[in-house]
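S.K.: The file below is structure_7.tsv, TSV, C-alpha atoms:
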```tsv
chain	number	residue	atom	x	y	z
A	1202	MET	CA	46.69	58.84	39.91
A	1203	ARG	CA	46.67	58.24	36.17
A	1204	MET	CA	48.48	54.93	36.69
A	1205	LEU	CA	45.93	53.92	39.32
A	1206	MET	CA	43.09	54.67	36.93
A	1207	LEU	CA	44.77	52.66	34.18
A	1208	ALA	CA	45.29	49.74	36.57
A	1209	ALA	CA	41.64	49.88	37.62
A	1210	ILE	CA	40.55	49.91	33.99
A	1211	ALA	CA	42.83	46.97	33.22
A	1212	ILE	CA	41.37	44.96	36.14
A	1213	LEU	CA	37.87	45.85	35.00
A	1214	ALA	CA	38.74	44.84	31.46
A	1215	ALA	CA	39.95	41.44	32.63
A	1216	SER	CA	36.91	40.77	34.84
A	1217	PRO	CA	34.19	38.33	33.71
A	1218	GLY	CA	31.60	41.06	34.04
A	1219	PHE	CA	33.42	43.15	31.49
A	1220	ALA	CA	33.78	40.22	29.12
A	1221	GLN	CA	29.97	39.78	29.08
A	1222	VAL	CA	29.47	43.22	27.58
A	1223	PRO	CA	29.29	42.80	23.81
A	1224	LEU	CA	31.71	45.13	22.09
A	1225	PRO	CA	32.14	45.39	18.33
A	1226	PHE	CA	35.75	44.22	18.40
A	1227	GLN	CA	34.75	40.97	20.10
A	1228	GLN	CA	32.77	39.69	17.13
A	1229	PRO	CA	34.44	37.62	15.80
A	1230	LEU	CA	37.38	37.09	18.15
A	1231	THR	CA	40.02	37.84	15.60
A	1232	LEU	CA	42.67	39.59	17.63
A	1233	PRO	CA	45.84	37.55	17.37
A	1234	SER	CA	47.41	39.13	20.43
A	1235	VAL	CA	44.45	38.03	22.55
A	1236	THR	CA	45.17	34.38	21.82
A	1237	PRO	CA	47.81	32.88	24.11
A	1238	ASP	CA	50.92	32.27	22.03
A	1239	PRO	CA	51.12	28.48	21.57
A	1240	ASP	CA	54.86	28.72	21.15
A	1241	GLN	CA	55.14	30.05	24.66
A	1242	LEU	CA	53.52	26.82	25.87
A	1243	ARG	CA	56.27	24.74	24.34
A	1244	GLN	CA	59.30	23.46	26.16
A	1245	THR	CA	62.54	24.66	24.70
A	1246	THR	CA	65.21	22.05	25.21
A	1247	HIS	CA	66.34	18.83	23.63
A	1248	PRO	CA	67.42	16.22	26.18
A	1249	ALA	CA	70.97	14.95	26.25
A	1250	PRO	CA	71.23	11.15	25.95
A	1251	THR	CA	70.86	9.33	29.27
A	1252	PRO	CA	70.81	5.65	30.23
A	1253	ASP	CA	67.00	5.90	30.26
A	1254	LEU	CA	66.84	6.90	26.58
A	1255	VAL	CA	67.68	4.94	23.46
A	1256	PRO	CA	69.10	7.41	20.92
A	1257	PHE	CA	68.52	7.13	17.18
A	1258	VAL	CA	71.45	7.57	14.82
A	1259	TYR	CA	71.50	8.62	11.17
A	1260	LEU	CA	70.96	5.66	8.85
A	1261	ARG	CA	70.60	6.96	5.27
A	1262	THR	CA	69.03	9.43	2.87
A	1263	ARG	CA	66.76	8.24	0.08
A	1264	ALA	CA	67.15	11.22	-2.23
A	1265	LYS	CA	64.65	12.19	-4.92
A	1266	VAL	CA	62.39	9.14	-4.86
A	1267	THR	CA	58.83	8.65	-6.13
A	1268	ALA	CA	58.30	5.51	-4.05
A	1269	ASP	CA	59.77	4.39	-0.75
A	1270	PRO	CA	62.35	1.61	-1.31
A	1271	ASP	CA	61.89	0.58	2.32
A	1272	LYS	CA	58.09	0.30	2.04
A	1273	ILE	CA	57.57	2.39	5.15
A	1274	TRP	CA	55.39	4.82	3.20
A	1275	GLU	CA	52.71	4.17	0.63
A	1276	THR	CA	53.38	5.97	-2.63
A	1277	ASP	CA	50.29	8.15	-2.29
A	1278	GLU	CA	51.56	9.37	1.08
A	1279	LEU	CA	54.63	10.94	-0.54
A	1280	GLU	CA	53.73	14.55	-1.41
A	1281	PRO	CA	56.38	16.41	-3.41
A	1282	TRP	CA	56.87	20.15	-3.02
A	1283	PRO	CA	54.78	22.04	-5.59
A	1284	GLY	CA	56.60	22.05	-8.92
A	1285	LYS	CA	58.62	18.93	-8.09
A	1286	GLU	CA	57.97	15.26	-8.71
A	1287	THR	CA	60.04	13.56	-6.03
A	1288	VAL	CA	60.55	13.61	-2.27
A	1289	THR	CA	63.59	12.89	-0.12
A	1290	ILE	CA	63.35	10.48	2.80
A	1291	GLN	CA	65.64	10.68	5.83
A	1292	GLU	CA	66.08	7.60	8.00
A	1293	TYR	CA	67.38	7.14	11.54
A	1294	ALA	CA	67.67	3.86	13.47
A	1295	ALA	CA	67.93	2.50	17.01
A	1296	GLU	CA	67.86	-0.92	18.64
A	1297	ASN	CA	66.62	-2.21	21.97
A	1298	ALA	CA	65.31	-5.49	23.35
A	1299	GLN	CA	62.10	-5.07	21.36
A	1300	GLY	CA	63.92	-5.05	18.03
A	1301	ARG	CA	65.19	-2.57	15.47
A	1302	TRP	CA	63.43	0.78	15.25
A	1303	ILE	CA	63.43	2.93	12.13
A	1304	ILE	CA	62.31	6.54	11.88
A	1305	SER	CA	61.52	7.74	8.39
A	1306	GLN	CA	60.90	11.42	7.65
A	1307	VAL	CA	59.52	12.63	4.32
A	1308	TRP	CA	60.87	15.91	3.00
A	1309	GLY	CA	58.32	17.33	0.62
A	1310	GLY	CA	55.12	19.31	0.42
A	1311	GLY	CA	53.82	17.82	3.65
A	1312	CYS	CA	56.43	19.80	5.60
A	1313	SER	CA	55.85	23.13	7.29
A	1314	THR	CA	58.78	25.41	8.02
A	1315	ASP	CA	59.81	23.19	10.93
A	1316	LEU	CA	57.84	19.92	10.86
A	1317	CYS	CA	57.64	17.04	8.39
A	1318	PRO	CA	55.58	13.84	8.22
A	1319	THR	CA	57.49	11.20	10.15
A	1320	ARG	CA	56.85	7.51	10.82
A	1321	LEU	CA	58.26	5.21	13.50
A	1322	VAL	CA	58.32	1.50	12.72
A	1323	LEU	CA	59.49	-1.48	14.76
A	1324	ASP	CA	61.17	-4.20	12.78
A	1325	THR	CA	60.99	-7.31	14.95
A	1326	ALA	CA	63.25	-10.30	14.30
A	1327	ASN	CA	60.56	-12.61	12.98
A	1328	GLY	CA	57.85	-10.43	11.64
A	1329	GLU	CA	56.63	-7.62	9.47
A	1330	PRO	CA	57.57	-4.04	10.33
A	1331	HIS	CA	54.97	-2.54	12.64
A	1332	VAL	CA	53.98	1.11	12.27
A	1333	LYS	CA	54.05	2.52	15.79
A	1334	LEU	CA	53.60	6.23	15.11
A	1335	THR	CA	52.86	8.62	12.27
A	1336	ASP	CA	52.97	12.32	13.13
A	1337	MET	CA	54.52	15.70	12.35
A	1338	LEU	CA	57.99	15.91	13.91
A	1339	HIS	CA	60.85	18.39	13.86
A	1340	GLN	CA	62.98	18.32	10.74
A	1341	VAL	CA	66.23	16.43	11.15
A	1342	ILE	CA	69.67	17.70	10.15
A	1343	PRO	CA	71.35	14.85	8.25
A	1344	PRO	CA	75.17	14.95	8.33
A	1345	GLU	CA	75.73	15.87	4.69
A	1346	LEU	CA	73.27	18.74	4.84
A	1347	ALA	CA	74.68	19.94	8.16
A	1348	GLU	CA	78.05	20.26	6.47
A	1349	ARG	CA	76.62	22.04	3.45
A	1350	LEU	CA	74.26	24.44	5.24
A	1351	PHE	CA	76.11	25.37	8.39
A	1352	THR	CA	79.52	26.91	8.80
A	1353	ALA	CA	81.36	26.69	12.11
A	1354	GLN	CA	79.90	30.09	13.03
A	1355	THR	CA	76.24	29.27	12.33
A	1356	ARG	CA	76.61	25.76	13.72
A	1357	GLN	CA	77.51	26.98	17.20
A	1358	ASN	CA	73.85	27.66	18.04
A	1359	LEU	CA	72.77	24.13	17.16
A	1360	SER	CA	72.25	21.57	19.88
A	1361	PRO	CA	75.02	18.95	19.50
A	1362	ALA	CA	72.70	16.39	21.08
A	1363	TYR	CA	69.95	17.15	18.54
A	1364	LEU	CA	72.40	17.13	15.66
A	1365	ARG	CA	73.61	13.61	16.50
A	1366	HIS	CA	70.43	12.11	17.94
A	1367	PRO	CA	67.29	14.01	16.92
A	1368	PHE	CA	65.09	11.21	18.27
A	1369	ALA	CA	65.24	9.13	21.43
A	1370	LEU	CA	63.07	6.33	22.68
A	1371	SER	CA	62.24	5.87	26.34
A	1372	ALA	CA	63.65	2.70	27.88
A	1373	ASP	CA	60.18	1.14	28.07
A	1374	GLY	CA	59.65	1.85	24.37
A	1375	LYS	CA	56.46	3.82	25.02
A	1376	THR	CA	57.53	7.42	24.39
A	1377	LEU	CA	59.37	9.00	21.49
A	1378	ILE	CA	61.19	12.27	22.19
A	1379	ASN	CA	62.05	14.73	19.42
A	1380	GLY	CA	63.51	17.96	20.72
A	1381	ASN	CA	60.79	19.66	22.74
A	1382	LEU	CA	58.11	17.31	21.41
A	1383	SER	CA	57.11	13.95	22.84
A	1384	PHE	CA	54.76	11.28	21.56
A	1385	LYS	CA	53.09	8.29	23.18
A	1386	ILE	CA	53.67	5.15	21.17
A	1387	ASP	CA	50.83	2.68	20.58
B	824	MET	CA	28.61	59.45	25.47
B	825	PRO	CA	27.58	57.71	28.73
B	826	PRO	CA	30.44	57.37	31.25
B	827	ARG	CA	30.17	53.53	31.39
B	828	VAL	CA	30.59	53.25	27.64
B	829	VAL	CA	33.63	55.55	27.76
B	830	MET	CA	35.09	53.41	30.52
B	831	LEU	CA	34.44	50.22	28.58
B	832	ILE	CA	36.14	51.59	25.48
B	833	ALA	CA	39.08	52.84	27.56
B	834	GLY	CA	39.26	49.45	29.24
B	835	ALA	CA	39.21	47.69	25.91
B	836	VAL	CA	42.00	49.87	24.57
B	837	SER	CA	43.98	49.41	27.77
B	838	SER	CA	43.58	45.63	27.77
B	839	LEU	CA	44.53	45.48	24.12
B	840	PHE	CA	47.66	47.47	24.92
B	841	LEU	CA	48.55	45.15	27.77
B	842	LEU	CA	47.92	42.01	25.73
B	843	THR	CA	49.70	43.29	22.67
B	844	SER	CA	52.75	44.03	24.75
B	845	VAL	CA	53.09	40.29	25.43
B	846	VAL	CA	54.29	39.79	21.84
B	847	ILE	CA	58.01	40.36	22.12
B	848	ALA	CA	59.99	38.59	19.42
B	849	GLY	CA	60.26	38.78	15.68
B	850	GLU	CA	60.54	41.36	12.95
B	851	THR	CA	58.23	44.37	12.74
B	852	ILE	CA	55.98	45.29	9.85
B	853	ASP	CA	58.38	48.10	9.07
B	854	SER	CA	61.47	45.91	8.94
B	855	LEU	CA	59.66	43.34	6.80
B	856	LEU	CA	58.57	46.07	4.37
B	857	ARG	CA	62.17	47.26	4.12
B	858	ALA	CA	63.17	43.68	3.26
B	859	GLY	CA	60.69	43.59	0.40
B	860	MET	CA	57.55	42.18	1.96
B	861	PRO	CA	54.41	43.21	0.01
B	862	PHE	CA	52.43	45.79	1.98
B	863	VAL	CA	49.19	43.81	2.18
B	864	CYS	CA	50.82	40.73	3.69
B	865	ALA	CA	53.26	42.49	6.02
B	866	PRO	CA	50.95	42.37	9.10
B	867	PHE	CA	50.53	38.63	8.66
B	868	GLY	CA	54.28	38.26	8.16
B	869	ALA	CA	54.93	40.16	11.37
B	870	ALA	CA	52.44	37.98	13.24
B	871	VAL	CA	54.23	34.84	12.08
B	872	SER	CA	57.65	36.27	12.76
B	873	ALA	CA	56.57	37.29	16.27
B	874	SER	CA	56.60	33.68	17.35
B	875	GLU	CA	59.52	32.65	15.16
B	876	GLY	CA	62.46	35.02	15.37
B	877	LYS	CA	64.55	37.85	14.00
B	878	PHE	CA	66.37	37.90	10.68
B	879	SER	CA	69.51	36.79	12.56
B	880	THR	CA	67.98	34.02	14.70
B	881	VAL	CA	69.41	30.48	14.66
B	882	ASN	CA	67.77	27.98	16.98
B	883	GLN	CA	69.03	24.70	18.39
B	884	TYR	CA	67.26	22.62	15.71
B	885	GLY	CA	69.01	24.37	12.84
B	886	CYS	CA	66.09	26.66	11.99
B	887	VAL	CA	67.10	30.08	10.75
B	888	GLY	CA	65.79	33.58	10.23
B	889	ALA	CA	62.65	35.58	10.86
B	890	PHE	CA	60.41	32.70	9.79
B	891	GLN	CA	62.58	29.91	11.17
B	892	PHE	CA	63.21	27.87	8.06
B	893	CYS	CA	64.46	24.49	9.23
B	894	PRO	CA	66.84	22.36	7.13
B	895	ALA	CA	64.37	20.58	4.83
B	896	THR	CA	62.42	23.73	4.02
B	897	LEU	CA	65.53	25.86	3.75
B	898	ALA	CA	67.16	23.39	1.34
B	899	ASN	CA	64.06	23.44	-0.86
B	900	TYR	CA	63.60	27.20	-0.98
B	901	TYR	CA	67.18	28.44	-0.86
B	902	ASP	CA	70.25	27.16	-2.63
B	903	LYS	CA	72.93	28.86	-0.55
B	904	SER	CA	74.11	28.38	3.03
B	905	ALA	CA	72.29	29.22	6.24
B	906	GLY	CA	74.84	31.98	6.82
B	907	GLU	CA	73.94	33.62	3.50
B	908	PHE	CA	70.25	33.32	4.33
B	909	LEU	CA	70.77	34.99	7.71
B	910	ALA	CA	72.77	37.81	6.16
B	911	HIS	CA	70.14	38.67	3.56
B	912	PRO	CA	66.68	39.59	4.92
B	913	GLY	CA	65.46	40.13	1.37
B	914	ASP	CA	66.23	36.49	0.56
B	915	GLN	CA	64.28	35.42	3.66
B	916	VAL	CA	61.23	37.37	2.56
B	917	THR	CA	61.46	36.04	-0.99
B	918	ALA	CA	61.77	32.44	0.23
B	919	TRP	CA	58.89	32.88	2.68
B	920	LEU	CA	56.58	34.35	0.05
B	921	HIS	CA	57.36	31.40	-2.23
B	922	TYR	CA	56.80	28.98	0.66
B	923	GLN	CA	53.46	30.52	1.63
B	924	ARG	CA	52.17	30.47	-1.96
B	925	ASP	CA	53.12	26.80	-2.09
B	926	GLN	CA	51.39	26.15	1.22
B	927	TRP	CA	48.16	27.56	-0.17
B	928	LYS	CA	48.49	25.35	-3.27
B	929	ILE	CA	49.02	22.31	-1.05
B	930	ALA	CA	46.08	23.28	1.14
B	931	VAL	CA	43.82	23.58	-1.90
B	932	ASN	CA	45.10	20.28	-3.33
B	933	ASN	CA	44.14	18.62	-0.06
B	934	HIS	CA	40.72	20.34	0.01
B	935	LEU	CA	41.57	22.19	3.21
B	936	ASN	CA	39.93	25.27	1.70
B	937	SER	CA	36.62	23.48	2.21
B	938	LEU	CA	36.95	24.74	5.79
B	939	LEU	CA	36.46	28.33	4.59
B	940	GLY	CA	33.42	29.94	6.17
B	941	ARG	CA	33.07	27.36	8.91
B	942	ILE	CA	33.28	28.38	12.55
B	943	VAL	CA	36.01	27.06	14.81
B	944	CYS	CA	35.71	27.32	18.59
B	945	HIS	CA	38.48	26.40	20.97
B	946	GLY	CA	39.14	27.36	24.56
B	947	MET	CA	37.77	30.26	26.54
B	948	LEU	CA	38.56	33.93	26.93
B	949	GLY	CA	37.21	34.70	30.39
B	950	ASN	CA	33.73	33.27	30.19
B	951	ILE	CA	33.45	33.72	26.44
B	952	LYS	CA	34.11	30.85	24.08
B	953	ARG	CA	36.93	31.66	21.67
B	954	CYS	CA	35.40	31.33	18.22
B	955	SER	CA	36.10	32.62	14.75
B	956	VAL	CA	35.00	32.14	11.17
B	957	ILE	CA	37.72	30.35	9.19
B	958	HIS	CA	39.17	32.56	6.47
B	959	ASP	CA	42.17	31.93	4.25
B	960	SER	CA	44.58	33.58	6.71
B	961	ALA	CA	43.53	31.10	9.41
B	962	ILE	CA	44.29	28.21	7.07
B	963	ILE	CA	47.67	29.64	6.11
B	964	MET	CA	48.56	30.14	9.78
B	965	ALA	CA	47.44	26.61	10.63
B	966	CYS	CA	49.75	25.32	7.89
B	967	GLN	CA	52.42	25.73	10.57
B	968	PHE	CA	51.13	22.27	11.57
B	969	GLY	CA	51.42	21.02	8.02
B	970	CYS	CA	48.96	21.43	5.17
B	971	GLY	CA	49.81	18.07	3.60
B	972	LYS	CA	47.52	15.08	3.68
B	973	LEU	CA	49.24	13.88	6.87
B	974	GLY	CA	49.21	17.29	8.57
B	975	LYS	CA	47.11	18.39	11.51
B	976	LEU	CA	44.76	20.53	9.47
B	977	ALA	CA	43.86	17.56	7.27
B	978	ASN	CA	43.15	15.63	10.46
B	979	TYR	CA	40.99	18.49	11.69
B	980	LEU	CA	39.03	18.49	8.43
B	981	LYS	CA	38.13	14.84	8.99
B	982	GLY	CA	36.72	15.14	12.48
B	983	GLN	CA	36.57	18.89	13.24
B	984	ASP	CA	37.34	18.15	16.88
B	985	CYS	CA	39.82	20.62	18.35
B	986	GLU	CA	40.53	18.30	21.28
B	987	ALA	CA	41.33	15.16	19.29
B	988	ARG	CA	44.90	13.93	19.76
B	989	GLU	CA	45.51	13.79	16.02
B	990	VAL	CA	44.96	17.55	15.64
B	991	LYS	CA	47.55	18.33	18.34
B	992	ASP	CA	51.32	18.50	18.13
B	993	GLY	CA	53.86	16.81	20.38
B	994	ASN	CA	53.21	19.43	23.04
B	995	LEU	CA	49.45	18.90	22.83
B	996	VAL	CA	48.89	22.31	21.25
B	997	SER	CA	45.83	22.11	19.00
B	998	VAL	CA	45.85	23.24	15.38
B	999	CYS	CA	42.72	25.17	16.38
B	1000	ASP	CA	44.91	27.55	18.37
B	1001	TYR	CA	46.56	28.47	15.09
B	1002	LEU	CA	43.26	28.72	13.21
B	1003	LEU	CA	42.15	31.30	15.79
B	1004	ARG	CA	45.51	33.01	15.87
B	1005	GLY	CA	45.55	33.47	12.09
B	1006	ALA	CA	42.11	35.02	11.80
B	1007	GLY	CA	41.59	38.42	10.29
B	1008	TYR	CA	44.69	39.02	8.16
B	1009	ASP	CA	44.99	39.87	4.49
B	1010	VAL	CA	46.90	37.03	2.82
B	1011	SER	CA	45.78	37.73	-0.73
B	1012	CYS	CA	49.38	37.88	-1.91
B	1013	PHE	CA	49.58	34.14	-1.18
B	1014	THR	CA	46.09	33.06	-2.07
B	1015	GLY	CA	45.13	35.41	-4.86
B	1016	GLY	CA	48.38	35.76	-6.78
B	1017	SER	CA	48.16	39.53	-6.53
B	1018	CYS	CA	51.83	40.20	-5.81
```
Can the structure from this file be put into structure tokens for me?
M.R.:
Amino acid sequence: MRMLMLAAIAILAASPGFAQVPLPFQQPLTLPSVTPDPDQLRQTTHPAPTPDLVPFVYLRTRAKVTADPDKIWETDELEPWPGKETVTIQEYAAENAQGRWIISQVWGGGCSTDLCPTRLVLDTANGEPHVKLTDMLHQVIPPELAERLFTAQTRQNLSPAYLRHPFALSADGKTLINGNLSFKID
Amino acid sequence: MPPRVVMLIAGAVSSLFLLTSVVIAGETIDSLLRAGMPFVCAPFGAAVSASEGKFSTVNQYGCVGAFQFCPATLANYYDKSAGEFLAHPGDQVTAWLHYQRDQWKIAVNNHLNSLLGRIVCHGMLGNIKRCSVIHDSAIIMACQFGCGKLGKLANYLKGQDCEAREVKDGNLVSVCDYLLRGAGYDVSCFTGGSC
């Protein structure tokens, strides 16, 4: 009986009629548990390379720079971590019929715990590099850092596909995939 | 007390219980306190950890611990291996406190604190618009989308449109979800330098 009453109360609580009644705790709506968890909306897997995807491979690390030697970033876009004066740039590359693609990720104060400012450029054979995307993407795991940070035991949880190819381009060149994130390309 | 009011209060408590039970992962306030988290910021820490992980969590992208420090952030805030980080919850709390203080500095540098006191509305709860006044804890939570000049919160400051593509991540989750999610916590140990 008690369970039935609780269920009835829960149904009442979820009904629109109940929601119209102003209660003190509803102003403002500051209950974190009421908000759907955005992380639960995310997909959880990184795709393995397929013939439909063009994988990016590690190109180089530009360590401790104040300007981008590759001119992908303007100097005022490079934000160091507080207390530091330089950033580190990680680069990955891929090629398809459209040309050579470079992904450049800035490691610095613009990063959150898991995302960093990242830019995709297309370097065509006869022209200037074209910026195709600038967004916040998952942090990469460059080979040297993977060796330094992760032992065999901690590495076993990592996705081998993500470790080798953290980015992949769709065959039509219109979508960039980064783990569980995807981005339309202009 | 009138019976309908009693029922409404009981319903509210019951629905809160049901909704709260949805949060399943992460470290508790108690475990964070034991690892050295300052008391005032422990509820916020637990809220962040709830969607990140346990002290021992390693995910497929190389992100580790209760706050899921990924390689770039881990390398900046910790000078030992991921294994050492996982084995020492106190180190995780220390690194996270440092990181959050830095995030607030970056947010201020980029004038994101000019959002303080404004109202953000995004989505619906039943037939009620989900709205909240933006306080410092909302900004710190939204820094999960980056508080740099190229981050989502900086984009939100420009247009203040929760539905704009540039304020959403690669899964089309809006930074406004995080502004709402972060409302109502004490984060003075990051923003006020009190601990």
S.K.: Just give me the residues with any atom within 7 Å of (55.4, 8.0, 21.4), file coordinates, counting only C-alpha atoms, written as a VMD selection string.
M.R.: chain A and resid 1334 1375 to 1377 1383 to 1386
S.K.: Select all residues from chain B having any atom no more than 6 Å from an atom of chain A (counting all atoms listed in the file, ignoring ligands), output as a VMD selection string.
M.R.: chain B and resid 834 838 843 883 to 885 892 to 893 896 904 to 905 949 955 967 969 971 993 to 994 1004 1006 to 1007
S.K.: Using only the atoms of segment 1341-1346 of chain A listed in the file, plus 6 Å on each side, state the axis-aligned box centre and edge lengths in Å rounded to one decimal, as AutoDock Vina command-line options.
M.R.:
```
--center_x 71.0 --center_y 16.8 --center_z 7.9 --size_x 21.5 --size_y 15.9 --size_z 18.5
```
S.K.: If we count all atoms listed in the file and set the cut-off at 10 Å, which residues sit around Phe862 of chain B, ignoring sequence neighbours fewer than 2 positions away in its own chain? Please answer as an mmCIF file with C-alpha atoms, in the coordinates of the input.
M.R.:
```cif
data_model
loop_
_atom_site.group_PDB
_atom_site.id
_atom_site.type_symbol
_atom_site.label_atom_id
_atom_site.label_comp_id
_atom_site.auth_asym_id
_atom_site.auth_seq_id
_atom_site.Cartn_x
_atom_site.Cartn_y
_atom_site.Cartn_z
ATOM 1 C CA ILE B 852 55.980 45.290 9.850
ATOM 2 C CA ASP B 853 58.380 48.100 9.070
ATOM 3 C CA LEU B 855 59.660 43.340 6.800
ATOM 4 C CA LEU B 856 58.570 46.070 4.370
ATOM 5 C CA GLY B 859 60.690 43.590 0.400
ATOM 6 C CA MET B 860 57.550 42.180 1.960
ATOM 7 C CA CYS B 864 50.820 40.730 3.690
ATOM 8 C CA ALA B 865 53.260 42.490 6.020
ATOM 9 C CA PRO B 866 50.950 42.370 9.100
ATOM 10 C CA PHE B 867 50.530 38.630 8.660
ATOM 11 C CA GLY B 868 54.280 38.260 8.160
ATOM 12 C CA ASP B 1009 44.990 39.870 4.490
ATOM 13 C CA CYS B 1012 49.380 37.880 -1.910
ATOM 14 C CA CYS B 1018 51.830 40.200 -5.810
#
```
S.K.: Using all atoms listed in the file, which residues sit within 12 Å of Tyr901 of chain B once same-chain residues fewer than 3 positions away are excluded, as a PyMOL selection string?
M.R.: (chain A and resi 1350) or (chain B and resi 887+892-898+904-909+911+914-919+921-922)
S.K.: Could you save the residues just selected, with C-alpha atoms, as a short mmCIF file (atom, residue, chain, number, x, y, z; two decimals), keeping the file's coordinate frame?
M.R.:
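File out-v2.cif, as written:
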```cif
data_model
loop_
_atom_site.label_atom_id
_atom_site.label_comp_id
_atom_site.auth_asym_id
_atom_site.auth_seq_id
_atom_site.Cartn_x
_atom_site.Cartn_y
_atom_site.Cartn_z
CA LEU A 1350 74.26 24.44 5.24
CA VAL B 887 67.10 30.08 10.75
CA PHE B 892 63.21 27.87 8.06
CA CYS B 893 64.46 24.49 9.23
CA PRO B 894 66.84 22.36 7.13
CA ALA B 895 64.37 20.58 4.83
CA THR B 896 62.42 23.73 4.02
CA LEU B 897 65.53 25.86 3.75
CA ALA B 898 67.16 23.39 1.34
CA SER B 904 74.11 28.38 3.03
CA ALA B 905 72.29 29.22 6.24
CA GLY B 906 74.84 31.98 6.82
CA GLU B 907 73.94 33.62 3.50
CA PHE B 908 70.25 33.32 4.33
CA LEU B 909 70.77 34.99 7.71
CA HIS B 911 70.14 38.67 3.56
CA ASP B 914 66.23 36.49 0.56
CA GLN B 915 64.28 35.42 3.66
CA VAL B 916 61.23 37.37 2.56
CA THR B 917 61.46 36.04 -0.99
CA ALA B 918 61.77 32.44 0.23
CA TRP B 919 58.89 32.88 2.68
CA HIS B 921 57.36 31.40 -2.23
CA TYR B 922 56.80 28.98 0.66
#
```
S.K.: Name all residues at most 7 Å from Glu875 of chain B (count only C-alpha atoms; drop same-chain ones fewer than 2 positions away) and give them as a PDB file with C-alpha atoms, keeping the file's coordinate frame.
M.R.:
```pdb
ATOM      1  CA  GLY B 849      60.260  38.780  15.680  1.00  0.00           C
ATOM      2  CA  VAL B 871      54.230  34.840  12.080  1.00  0.00           C
ATOM      3  CA  SER B 872      57.650  36.270  12.760  1.00  0.00           C
ATOM      4  CA  ALA B 873      56.570  37.290  16.270  1.00  0.00           C
ATOM      5  CA  ALA B 889      62.650  35.580  10.860  1.00  0.00           C
ATOM      6  CA  PHE B 890      60.410  32.700   9.790  1.00  0.00           C
ATOM      7  CA  GLN B 891      62.580  29.910  11.170  1.00  0.00           C
TER       8      GLN B 891
END
```
S.K.: Which residues come within 8 Å of Asp1324 of chain A, counting only C-alpha atoms, excluding same-chain residues fewer than 5 positions away, as JSON, numbers by chain?
M.R.: {"A": [1300, 1301, 1302, 1303, 1329, 1330, 1331]}
